[in-house]
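What follows is the content of start.cif (mmCIF, C-alpha atoms).
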```cif
data_final
#
loop_
_atom_site.label_atom_id
_atom_site.label_comp_id
_atom_site.auth_asym_id
_atom_site.auth_seq_id
_atom_site.Cartn_x
_atom_site.Cartn_y
_atom_site.Cartn_z
CA MET A 1 29.60 -35.81 -85.75
CA ASN A 2 28.41 -39.03 -84.18
CA GLN A 3 31.62 -40.75 -85.26
CA HIS A 4 33.71 -37.96 -83.70
CA PHE A 5 31.71 -38.23 -80.47
CA ALA A 6 32.19 -42.02 -80.38
CA ARG A 7 35.96 -41.71 -80.91
CA THR A 8 36.26 -39.08 -78.20
CA SER A 9 34.27 -41.29 -75.84
CA ILE A 10 36.58 -44.23 -76.50
CA ILE A 11 39.67 -42.09 -75.89
CA LEU A 12 38.23 -40.68 -72.67
CA ALA A 13 37.21 -44.14 -71.50
CA SER A 14 40.69 -45.46 -72.24
CA LEU A 15 42.34 -42.59 -70.40
CA TRP A 16 40.04 -43.05 -67.43
CA THR A 17 40.74 -46.80 -67.36
CA ALA A 18 44.50 -46.22 -67.58
CA ALA A 19 44.36 -43.66 -64.79
CA PHE A 20 42.18 -45.97 -62.70
CA LEU A 21 44.50 -48.94 -63.19
CA ALA A 22 47.61 -46.87 -62.48
CA GLY A 23 46.04 -45.69 -59.26
CA CYS A 24 44.87 -49.15 -58.27
CA SER A 25 48.11 -51.00 -58.93
CA GLY A 26 49.61 -49.16 -55.97
CA GLN A 27 52.98 -49.03 -57.73
CA LYS A 28 54.78 -45.84 -58.59
CA PRO A 29 58.22 -45.20 -60.05
CA TYR A 30 60.84 -44.42 -57.43
CA GLN A 31 62.20 -40.89 -57.50
CA ASN A 32 65.98 -41.19 -57.31
CA THR A 33 67.97 -38.95 -55.02
CA PRO A 34 71.01 -37.32 -56.70
CA ASP A 35 73.42 -39.66 -54.87
CA ASN A 36 73.11 -42.63 -57.26
CA ASN A 37 74.83 -44.62 -54.57
CA LEU A 38 73.21 -48.01 -55.20
CA HIS A 39 74.45 -49.91 -58.24
CA VAL A 40 72.22 -52.87 -58.96
CA ARG A 41 73.47 -55.66 -61.19
CA THR A 42 70.70 -58.07 -62.13
CA THR A 43 70.79 -61.48 -63.74
CA ALA A 44 67.39 -63.10 -64.01
CA ASP A 45 66.92 -66.26 -66.02
CA SER A 46 63.89 -68.49 -65.64
CA GLY A 47 65.78 -71.32 -67.33
CA SER A 48 62.84 -72.22 -69.54
CA TRP A 49 61.35 -71.11 -72.82
CA PHE A 50 57.91 -71.42 -71.33
CA SER A 51 58.30 -69.20 -68.32
CA SER A 52 59.66 -65.82 -67.46
CA VAL A 53 60.92 -64.04 -64.39
CA HIS A 54 61.03 -60.35 -63.72
CA ALA A 55 62.84 -58.54 -60.91
CA ALA A 56 62.03 -55.22 -59.28
CA VAL A 57 62.85 -53.48 -56.03
CA ASP A 58 60.35 -51.63 -53.86
CA ILE A 59 61.90 -48.90 -51.75
CA HIS A 60 60.40 -47.90 -48.42
CA ARG A 61 61.47 -45.31 -45.91
CA VAL A 62 61.78 -46.64 -42.35
CA THR A 63 60.51 -44.27 -39.70
CA ILE A 64 61.90 -43.90 -36.18
CA ASP A 65 59.13 -46.10 -34.82
CA CYS A 66 59.95 -48.82 -37.40
CA ARG A 67 56.99 -48.18 -39.65
CA THR A 68 57.56 -48.15 -43.39
CA GLU A 69 56.43 -45.68 -46.00
CA TYR A 70 56.43 -46.85 -49.61
CA GLU A 71 58.44 -44.50 -51.80
CA GLY A 72 58.40 -46.23 -55.15
CA THR A 73 59.53 -49.13 -57.30
CA VAL A 74 62.53 -49.56 -59.58
CA GLN A 75 62.06 -52.12 -62.34
CA LEU A 76 65.26 -54.12 -62.68
CA SER A 77 64.72 -54.66 -66.36
CA ARG A 78 68.27 -53.77 -67.39
CA PRO A 79 71.45 -55.61 -66.36
CA THR A 80 72.76 -52.59 -64.46
CA ILE A 81 70.76 -49.81 -62.91
CA ASP A 82 71.91 -47.01 -60.62
CA VAL A 83 69.59 -45.89 -57.86
CA GLY A 84 69.87 -43.02 -55.42
CA ILE A 85 68.97 -43.91 -51.83
CA PRO A 86 69.01 -41.16 -49.19
CA PRO A 87 72.13 -41.54 -47.03
CA ASN A 88 72.19 -41.66 -43.24
CA ARG A 89 68.71 -43.01 -42.83
CA TRP A 90 67.21 -46.47 -42.94
CA SER A 91 65.52 -47.68 -46.08
CA ARG A 92 63.79 -51.00 -46.60
CA LEU A 93 64.56 -52.60 -49.93
CA VAL A 94 62.13 -55.29 -51.02
CA PHE A 95 63.36 -57.25 -54.03
CA VAL A 96 60.46 -58.85 -55.87
CA PHE A 97 60.90 -61.78 -58.25
CA SER A 98 57.74 -62.30 -60.27
CA SER A 99 57.55 -65.46 -62.30
CA SER A 100 54.95 -66.67 -64.72
CA SER A 101 54.53 -69.82 -66.71
CA PHE A 102 52.87 -69.60 -70.10
CA LEU A 103 52.02 -73.29 -70.27
CA GLY A 104 50.19 -73.70 -67.01
CA ASN A 105 49.11 -70.07 -66.82
CA ARG A 106 50.61 -69.91 -63.34
CA SER A 107 52.12 -66.92 -61.69
CA GLY A 108 53.63 -66.07 -58.33
CA SER A 109 56.15 -63.84 -56.72
CA MET A 110 58.89 -64.12 -54.13
CA THR A 111 60.28 -61.28 -52.09
CA TYR A 112 63.56 -60.72 -50.33
CA GLU A 113 63.81 -57.72 -48.09
CA THR A 114 66.67 -56.06 -46.30
CA LEU A 115 67.24 -52.85 -44.42
CA LEU A 116 69.99 -50.51 -45.54
CA LYS A 117 71.32 -47.26 -44.20
CA PRO A 118 73.76 -45.90 -46.78
CA ARG A 119 76.61 -43.81 -45.49
CA SER A 120 77.43 -40.50 -47.13
CA GLY A 121 79.98 -40.87 -49.89
CA TYR A 122 79.94 -44.65 -49.80
CA GLN A 123 78.89 -46.74 -52.77
CA TYR A 124 76.76 -49.88 -52.62
CA GLN A 125 76.90 -52.74 -55.10
CA VAL A 126 73.87 -54.98 -55.16
CA LYS A 127 74.09 -58.30 -56.98
CA VAL A 128 70.65 -59.68 -57.75
CA THR A 129 70.50 -63.14 -59.26
CA TYR A 130 67.74 -65.54 -60.18
CA LYS A 131 68.84 -68.80 -61.74
CA ASP A 132 67.66 -72.41 -61.61
CA ASP A 133 64.69 -71.37 -59.46
CA MET A 134 67.05 -69.94 -56.83
CA TYR A 135 67.46 -66.27 -56.06
CA ASN A 136 70.02 -64.31 -54.15
CA VAL A 137 70.65 -60.71 -53.19
CA VAL A 138 74.07 -59.60 -51.98
CA VAL A 139 74.80 -56.02 -50.92
CA ARG A 140 78.39 -54.81 -50.65
CA GLU A 141 79.63 -51.48 -49.37
CA THR A 142 82.63 -49.71 -50.88
CA GLN A 143 84.44 -46.94 -49.08
CA PRO A 144 85.04 -43.64 -50.86
CA ASP A 145 88.30 -43.63 -52.83
CA ASP A 146 88.93 -47.24 -51.97
CA SER A 147 88.30 -50.44 -53.85
CA THR A 148 87.90 -52.61 -50.76
CA SER A 149 84.38 -53.59 -49.97
CA ARG A 150 82.50 -55.55 -47.35
CA GLU A 151 79.28 -57.49 -47.48
CA ILE A 152 76.39 -55.86 -45.68
CA GLU A 153 74.64 -58.25 -43.35
CA HIS A 154 71.02 -58.99 -44.12
CA LYS A 155 68.65 -57.23 -41.76
CA ASP A 156 64.89 -57.36 -41.94
CA LEU A 157 62.18 -55.29 -40.37
CA ARG A 158 61.72 -57.74 -37.51
CA SER A 159 65.15 -56.71 -36.27
CA CYS A 160 64.09 -53.10 -36.27
CA GLN A 161 63.42 -51.66 -32.87
CA ALA A 162 62.70 -48.03 -32.36
CA LYS A 163 65.59 -47.61 -29.96
CA SER A 164 68.13 -49.32 -32.21
CA ILE A 165 67.10 -47.26 -35.21
CA GLU A 166 67.24 -44.06 -33.21
CA ARG A 167 70.60 -45.01 -31.66
CA SER A 168 72.16 -45.73 -35.03
CA ARG A 169 70.74 -42.53 -36.41
CA VAL A 170 72.40 -40.54 -33.63
CA THR A 171 75.66 -42.46 -34.08
CA SER A 172 75.67 -41.84 -37.78
CA ASN A 173 75.01 -38.15 -37.32
CA SER A 174 77.85 -37.75 -34.86
CA SER A 175 80.43 -40.01 -36.44
CA PRO A 176 80.04 -42.37 -39.37
CA ARG A 177 80.30 -46.05 -38.52
CA MET B 1 54.65 -81.60 -65.34
CA LYS B 2 54.95 -79.59 -62.13
CA ARG B 3 51.20 -79.25 -62.02
CA LEU B 4 50.87 -83.03 -62.35
CA HIS B 5 53.26 -83.35 -59.42
CA ARG B 6 51.15 -81.01 -57.34
CA VAL B 7 47.99 -82.94 -58.15
CA LEU B 8 49.71 -86.22 -57.27
CA ILE B 9 50.99 -84.79 -53.99
CA ALA B 10 47.52 -83.50 -53.14
CA MET B 11 46.04 -86.92 -53.94
CA VAL B 12 48.64 -88.70 -51.86
CA GLY B 13 47.91 -86.27 -49.04
CA VAL B 14 44.20 -87.04 -49.28
CA ILE B 15 44.87 -90.79 -49.31
CA TRP B 16 47.19 -90.41 -46.33
CA ILE B 17 44.53 -88.48 -44.48
CA SER B 18 41.63 -90.73 -45.49
CA GLY B 19 43.68 -93.70 -44.30
CA CYS B 20 43.32 -92.23 -40.84
CA VAL B 21 47.04 -91.71 -40.52
CA SER B 22 47.48 -88.65 -38.36
CA HIS B 23 49.91 -85.93 -39.31
CA PRO B 24 53.17 -85.82 -37.36
CA GLN B 25 52.80 -83.21 -34.66
CA THR B 26 56.47 -82.78 -33.76
CA PRO B 27 59.82 -83.00 -35.59
CA ASP B 28 60.51 -86.31 -33.84
CA GLU B 29 57.18 -87.75 -34.98
CA PHE B 30 57.98 -86.53 -38.48
CA ARG B 31 61.40 -88.26 -38.43
CA LYS B 32 59.77 -91.49 -37.33
CA ALA B 33 56.93 -91.28 -39.86
CA VAL B 34 59.01 -90.45 -42.94
CA PRO B 35 60.79 -93.80 -43.54
CA SER B 36 57.47 -95.64 -43.90
CA ALA B 37 55.58 -92.84 -45.64
CA PHE B 38 54.65 -93.25 -49.31
CA SER B 39 55.39 -89.67 -50.30
CA ALA B 40 58.51 -89.00 -48.25
CA LYS B 41 61.99 -90.38 -47.82
CA VAL B 42 65.15 -90.08 -45.76
CA GLU B 43 68.35 -89.05 -47.51
CA THR B 44 71.69 -89.22 -45.74
CA PHE B 45 74.94 -87.81 -47.03
CA GLU B 46 78.17 -86.20 -45.87
CA VAL B 47 79.51 -82.83 -46.90
CA ASP B 48 83.11 -81.62 -46.87
CA ARG B 49 82.36 -78.72 -44.64
CA PRO B 50 82.87 -78.14 -40.90
CA PHE B 51 79.75 -78.53 -38.78
CA ASN B 52 79.79 -74.95 -37.48
CA GLN B 53 79.73 -73.59 -41.05
CA VAL B 54 76.75 -75.73 -41.96
CA ALA B 55 74.98 -74.67 -38.75
CA ASN B 56 75.73 -71.01 -39.48
CA THR B 57 74.32 -71.31 -42.99
CA PHE B 58 71.15 -72.96 -41.67
CA GLN B 59 70.79 -70.14 -39.14
CA LYS B 60 71.34 -67.45 -41.72
CA MET B 61 69.47 -68.82 -44.73
CA GLY B 62 66.60 -70.62 -42.99
CA PRO B 63 64.83 -67.56 -41.62
CA ASN B 64 65.91 -65.29 -44.49
CA CYS B 65 64.66 -67.57 -47.24
CA LEU B 66 61.84 -69.60 -45.77
CA SER B 67 59.95 -67.29 -43.48
CA LYS B 68 57.57 -66.36 -46.30
CA THR B 69 53.97 -66.18 -47.32
CA ILE B 70 53.55 -67.16 -50.95
CA LYS B 71 50.63 -66.50 -53.22
CA THR B 72 50.32 -68.41 -56.47
CA THR B 73 47.59 -68.16 -59.03
CA SER B 74 46.75 -70.58 -61.78
CA GLN B 75 44.17 -70.07 -64.42
CA THR B 76 42.57 -72.23 -67.05
CA ARG B 77 39.59 -71.57 -69.32
CA THR B 78 37.26 -72.87 -66.68
CA SER B 79 38.97 -72.24 -63.38
CA TYR B 80 40.89 -69.67 -61.41
CA GLN B 81 42.78 -70.82 -58.35
CA VAL B 82 44.61 -68.82 -55.74
CA ILE B 83 46.70 -70.59 -53.12
CA VAL B 84 48.30 -68.74 -50.25
CA THR B 85 50.85 -70.67 -48.22
CA THR B 86 52.87 -69.58 -45.21
CA TYR B 87 56.18 -71.32 -44.58
CA ARG B 88 57.76 -71.36 -41.16
CA PRO B 89 61.38 -72.36 -40.61
CA THR B 90 62.85 -73.23 -37.23
CA VAL B 91 66.58 -73.65 -36.66
CA LEU B 92 67.90 -75.23 -33.47
CA VAL B 93 71.64 -75.43 -32.91
CA THR B 94 73.57 -77.24 -30.18
CA PRO B 95 77.30 -78.12 -30.19
CA LYS B 96 76.46 -81.58 -31.51
CA LYS B 97 73.52 -81.00 -33.82
CA ALA B 98 71.86 -78.41 -36.03
CA GLU B 99 68.24 -78.92 -36.96
CA LEU B 100 66.22 -77.16 -39.62
CA HIS B 101 62.46 -77.74 -39.53
CA VAL B 102 60.24 -76.42 -42.30
CA GLN B 103 56.50 -76.22 -41.73
CA PHE B 104 53.76 -74.89 -43.95
CA HIS B 105 50.22 -73.71 -43.52
CA HIS B 106 47.68 -73.03 -46.28
CA ASP B 107 46.04 -69.69 -45.60
CA GLN B 108 43.85 -69.86 -48.68
CA GLY B 109 42.95 -72.20 -51.51
CA VAL B 110 43.47 -75.58 -49.82
CA ILE B 111 41.20 -77.16 -47.24
CA GLY B 112 43.11 -78.65 -44.37
CA VAL B 113 41.98 -82.00 -43.04
CA GLY B 114 43.22 -83.56 -39.86
CA LYS B 115 44.95 -82.00 -36.92
CA GLU B 116 47.53 -79.48 -38.00
CA PRO B 117 50.52 -79.00 -35.71
CA GLU B 118 51.16 -75.55 -34.29
CA GLY B 119 53.03 -73.63 -36.98
CA GLY B 120 51.80 -75.85 -39.80
CA TYR B 121 52.33 -79.29 -41.27
CA TYR B 122 55.90 -80.55 -41.29
CA LEU B 123 57.37 -80.51 -44.77
CA LEU B 124 61.07 -81.12 -44.22
CA VAL B 125 63.53 -81.72 -41.42
CA ALA B 126 67.28 -81.50 -41.93
CA ASP B 127 69.65 -82.67 -39.21
CA ALA B 128 73.35 -81.82 -39.39
CA SER B 129 75.89 -83.42 -37.08
CA PRO B 130 79.69 -83.33 -37.05
CA VAL B 131 81.58 -86.34 -38.44
CA ASN B 132 85.03 -84.86 -37.83
CA GLN B 133 86.70 -81.46 -38.03
CA THR B 134 86.02 -81.09 -41.74
CA LYS B 135 82.99 -83.25 -42.50
CA THR B 136 79.35 -83.00 -41.55
CA ARG B 137 76.63 -85.63 -41.84
CA ILE B 138 73.22 -84.56 -43.11
CA ASP B 139 70.02 -86.51 -42.50
CA LEU B 140 67.32 -85.08 -44.70
CA TYR B 141 63.70 -86.08 -44.04
CA ARG B 142 61.96 -84.80 -47.11
CA PRO B 143 59.11 -85.23 -49.58
CA SER B 144 59.86 -87.75 -52.33
CA MET B 145 57.70 -85.91 -54.85
CA GLY B 146 57.67 -82.18 -55.52
CA HIS B 147 59.36 -79.40 -53.54
CA GLY B 148 62.55 -80.08 -55.51
CA VAL B 149 63.67 -76.46 -55.32
CA LEU B 150 63.38 -76.37 -51.53
CA ILE B 151 65.24 -79.67 -51.17
CA GLN B 152 68.01 -78.50 -53.50
CA ALA B 153 68.34 -75.23 -51.59
CA VAL B 154 68.76 -77.04 -48.26
CA LYS B 155 71.37 -79.34 -49.83
CA ASN B 156 73.18 -76.28 -51.17
CA TRP B 157 73.16 -74.70 -47.71
CA ALA B 158 74.79 -77.87 -46.42
CA THR B 159 77.44 -78.10 -49.12
CA GLY B 160 77.98 -74.35 -49.36
CA ASP B 161 77.63 -74.42 -53.16
CA ASN B 162 75.33 -71.97 -54.92
CA VAL B 163 73.87 -70.73 -51.66
CA GLY B 164 70.63 -68.92 -52.40
CA CYS B 165 66.94 -68.88 -51.59
CA PRO B 166 64.50 -71.27 -53.25
CA ASP B 167 61.65 -69.89 -55.32
CA LEU B 168 58.85 -71.42 -53.31
CA THR B 169 56.32 -70.67 -56.04
CA LYS B 170 57.88 -73.48 -58.10
#
```
Go ahead and express the file in the form of structure tokens.
Amino acid sequence: MNQHFARTSIILASLWTAAFLAGCSGQKPYQNTPDNNLHVRTTADSGSWFSSVHAAVDIHRVTIDCRTEYEGTVQLSRPTIDVGIPPNRWSRLVFVFSSSSFLGNRSGSMTYETLLKPRSGYQYQVKVTYKDDMYNVVVRETQPDDSTSREIEHKDLRSCQAKSIERSRVTSNSSPR
Amino acid sequence: MKRLHRVLIAMVGVIWISGCVSHPQTPDEFRKAVPSAFSAKVETFEVDRPFNQVANTFQKMGPNCLSKTIKTTSQTRTSYQVIVTTYRPTVLVTPKKAELHVQFHHDQGVIGVGKEPEGGYYLLVADASPVNQTKTRIDLYRPSMGHGVLIQAVKNWATGDNVGCPDLTK
């Protein structure tokens, strides 16, 4: 009886700890929209046996007044991952490169953020690379039924102004760019 | 090895400071101080790239890649260290010259000694100037130890090869 009680206590304590940690990490999986319009191709190589690098992307909704609301994280643990981002509204994509060194027990992370407003029916190819301690994120837009694509210019939250966001929202609702 | 570099750089910084040599307060002071500094050097080279392209890359990549606050942690059996550093890039472009200034400020984990310039200590200055229609001269005032990834990134921005952002945690 005592043994059963002890085992139950351990399980409950473990569950509570897991729930506590999950809540405290602040990270949650991103809930894809059905569009699957963002195709992320990731190559991450630390270049050393003694260190590792991991890539992920945090997705935030951008409100009219340029505030952001965290929606979730996609772990870029596979070479290609499809993500659904709501079209016709601004999202903030924050690519996070977390590196750790086993030898020196050092860790750190770098972020690269960009704003994106996907257009309905368009597809977006994102090339995420980390090599030789350099990282790069390139977003390209492909028109529907067309293989031609163009690179989307990097835009960060500092460039966001309530009026510009609202203006582009209206423009996109009336006629796609 | 990188940790050893960091320790050496910190020691050199302390020696520099204890020698009552004041920190450069402007990019011009930095340019003048680097040639005689123990832990910095001037590197000059030409790239086969028009000046306006180099200037555009500085303008695009500088703010995108270097306007960052970086947190690194290192842990041993007996210590746990957190260092938070904010980098600040400035790009100035005229028809005859493009300048990239990189400054840094330790928000946490390192005690600053001496007068720190507004925006942080100067870490690197890169000057680009046109040689002719197709070539650009680069004068790079940079640390001679450490910060290899940052230096390589700025060189890449100048040459146009492997243009990316440096992992400033390295």
Starting from the displayed file, determine the output of the PyMOL selection byres ((chain A and resi 136-143) around 7) and express the residue list as an mmCIF file with C-alpha atoms, in the coordinates of the input.
```
data_model
loop_
_atom_site.group_PDB
_atom_site.id
_atom_site.type_symbol
_atom_site.label_atom_id
_atom_site.label_comp_id
_atom_site.auth_asym_id
_atom_site.auth_seq_id
_atom_site.Cartn_x
_atom_site.Cartn_y
_atom_site.Cartn_z
ATOM 1 C CA TYR A 122 79.940 -44.650 -49.800
ATOM 2 C CA GLN A 123 78.890 -46.740 -52.770
ATOM 3 C CA TYR A 124 76.760 -49.880 -52.620
ATOM 4 C CA GLN A 125 76.900 -52.740 -55.100
ATOM 5 C CA VAL A 126 73.870 -54.980 -55.160
ATOM 6 C CA LYS A 127 74.090 -58.300 -56.980
ATOM 7 C CA VAL A 128 70.650 -59.680 -57.750
ATOM 8 C CA THR A 129 70.500 -63.140 -59.260
ATOM 9 C CA TYR A 130 67.740 -65.540 -60.180
ATOM 10 C CA MET A 134 67.050 -69.940 -56.830
ATOM 11 C CA TYR A 135 67.460 -66.270 -56.060
ATOM 12 C CA PRO A 144 85.040 -43.640 -50.860
ATOM 13 C CA ASP A 145 88.300 -43.630 -52.830
ATOM 14 C CA ASP A 146 88.930 -47.240 -51.970
ATOM 15 C CA SER A 147 88.300 -50.440 -53.850
ATOM 16 C CA THR A 148 87.900 -52.610 -50.760
ATOM 17 C CA SER A 149 84.380 -53.590 -49.970
ATOM 18 C CA ARG A 150 82.500 -55.550 -47.350
ATOM 19 C CA GLU A 151 79.280 -57.490 -47.480
ATOM 20 C CA ILE A 152 76.390 -55.860 -45.680
ATOM 21 C CA GLY B 164 70.630 -68.920 -52.400
ATOM 22 C CA CYS B 165 66.940 -68.880 -51.590
#
```
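For the structure in this document, the set picked by the PyMOL selection byres ((chain A and resi 90) around 10) is His60, Arg61, Val62, Thr63, Ile64, Cys66, Thr68, Ile85, Pro86, Pro87, Asn88, Arg89, Ser91, Arg92, Leu93, Leu115, Leu116, Lys117, Pro118, Cys160, Ile165, Ser168 and Arg169 of chain A.
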For Phe102 (chain A): contacts at 9 Å, all atoms listed in the file, fewer than 6 positions along chain excluded, given as number ranges by chain: A: 50-52
Could the residues in this selection be saved with C-alpha atoms as a PDB file, in the coordinates of the input?
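Saved the output as result.pdb:
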```pdb
ATOM      1  CA  PHE A  50      57.910 -71.420 -71.330  1.00  0.00           C
ATOM      2  CA  SER A  51      58.300 -69.200 -68.320  1.00  0.00           C
ATOM      3  CA  SER A  52      59.660 -65.820 -67.460  1.00  0.00           C
TER       4      SER A  52
END
```
Which residues of chain A have any atom within 8 Å of an atom in chain B when counting all atoms listed in the file, and what is the closest pair of atoms for each, with the distance in Å to one decimal? Order the rows by chain and rising number and write it as JSON lines.
```
{"residue": "A:Gly104", "atom": "CA", "partner": "B:Ser74", "partner_atom": "CA", "distance": 7.0}
{"residue": "A:Asn105", "atom": "CA", "partner": "B:Gln75", "partner_atom": "CA", "distance": 5.5}
{"residue": "A:Arg106", "atom": "CA", "partner": "B:Ser74", "partner_atom": "CA", "distance": 4.2}
{"residue": "A:Ser107", "atom": "CA", "partner": "B:Thr73", "partner_atom": "CA", "distance": 5.4}
{"residue": "A:Gly108", "atom": "CA", "partner": "B:Thr72", "partner_atom": "CA", "distance": 4.5}
{"residue": "A:Ser109", "atom": "CA", "partner": "B:Thr169", "partner_atom": "CA", "distance": 6.9}
{"residue": "A:Met110", "atom": "CA", "partner": "B:Asp167", "partner_atom": "CA", "distance": 6.5}
{"residue": "A:Tyr112", "atom": "CA", "partner": "B:Cys65", "partner_atom": "CA", "distance": 7.6}
{"residue": "A:Asp133", "atom": "CA", "partner": "B:Asp167", "partner_atom": "CA", "distance": 5.3}
{"residue": "A:Met134", "atom": "CA", "partner": "B:Pro166", "partner_atom": "CA", "distance": 4.6}
{"residue": "A:Tyr135", "atom": "CA", "partner": "B:Cys165", "partner_atom": "CA", "distance": 5.2}
{"residue": "A:Asn136", "atom": "CA", "partner": "B:Gly164", "partner_atom": "CA", "distance": 5.0}
```
Residues picked by the PyMOL selection byres ((chain B and resi 123-138) around 6) here, as a JSON list (two decimals) with C-alpha atoms, in the frame of the given file?
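So the final result, stored in out03.json, reads:
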```json
[["chain", "number", "residue", "atom", "x", "y", "z"],
["B", 44, "THR", "CA", 71.69, -89.22, -45.74],
["B", 45, "PHE", "CA", 74.94, -87.81, -47.03],
["B", 46, "GLU", "CA", 78.17, -86.20, -45.87],
["B", 47, "VAL", "CA", 79.51, -82.83, -46.90],
["B", 48, "ASP", "CA", 83.11, -81.62, -46.87],
["B", 49, "ARG", "CA", 82.36, -78.72, -44.64],
["B", 50, "PRO", "CA", 82.87, -78.14, -40.90],
["B", 51, "PHE", "CA", 79.75, -78.53, -38.78],
["B", 96, "LYS", "CA", 76.46, -81.58, -31.51],
["B", 97, "LYS", "CA", 73.52, -81.00, -33.82],
["B", 98, "ALA", "CA", 71.86, -78.41, -36.03],
["B", 99, "GLU", "CA", 68.24, -78.92, -36.96],
["B", 100, "LEU", "CA", 66.22, -77.16, -39.62],
["B", 101, "HIS", "CA", 62.46, -77.74, -39.53],
["B", 102, "VAL", "CA", 60.24, -76.42, -42.30],
["B", 103, "GLN", "CA", 56.50, -76.22, -41.73],
["B", 122, "TYR", "CA", 55.90, -80.55, -41.29],
["B", 139, "ASP", "CA", 70.02, -86.51, -42.50],
["B", 140, "LEU", "CA", 67.32, -85.08, -44.70],
["B", 141, "TYR", "CA", 63.70, -86.08, -44.04],
["B", 142, "ARG", "CA", 61.96, -84.80, -47.11]]
```
Nearest to His23 (chain B), chosen from B:Thr94, B:Asp161, B:Pro117, B:His147, with all atoms listed in the file counted in the distances: B:Pro117
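The interatomic distance for the pair CA of Ser100 (chain A) and CA of Ser67 (chain B) works out to 21.8 Å.
Distance annotation: of B:Asn52, B:Leu66, B:Thr57, B:Lys115, the residue with the minimal separation from Pro95 (chain B) is B:Asn52; atom set is only C-alpha atoms.
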Option closest in space to Arg78 (chain A), from A:Thr111, A:Ser48, A:Ser98, A:Thr43 [counting all atoms listed in the file]: A:Thr43
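Closest approach to Glu116 (chain B) from the set B:Val34, B:Thr26, B:Ala55, B:Ser39 is made by B:Thr26, with distances taken over only C-alpha atoms.
Of the residues under consideration (A:Asp58, A:Asp132, A:Glu71, A:Glu113), A:Asp132 shows the shortest atom-to-atom contact distance to Ser46 (chain A) when counting all atoms listed in the file.
Nearest to Thr33 (chain A) of all the residues A:Ile59, A:Gly84, A:Arg67, A:Gly47 is A:Gly84, counting all atoms listed in the file.
What separates CA of Phe58 (chain B) from CA of Trp157 (chain B) is a distance of 6.6 Å.
Atom pair CA of Asp65 (chain A) / CA of Leu157 (chain A) has a distance of 11.2 Å (rounded to one decimal).
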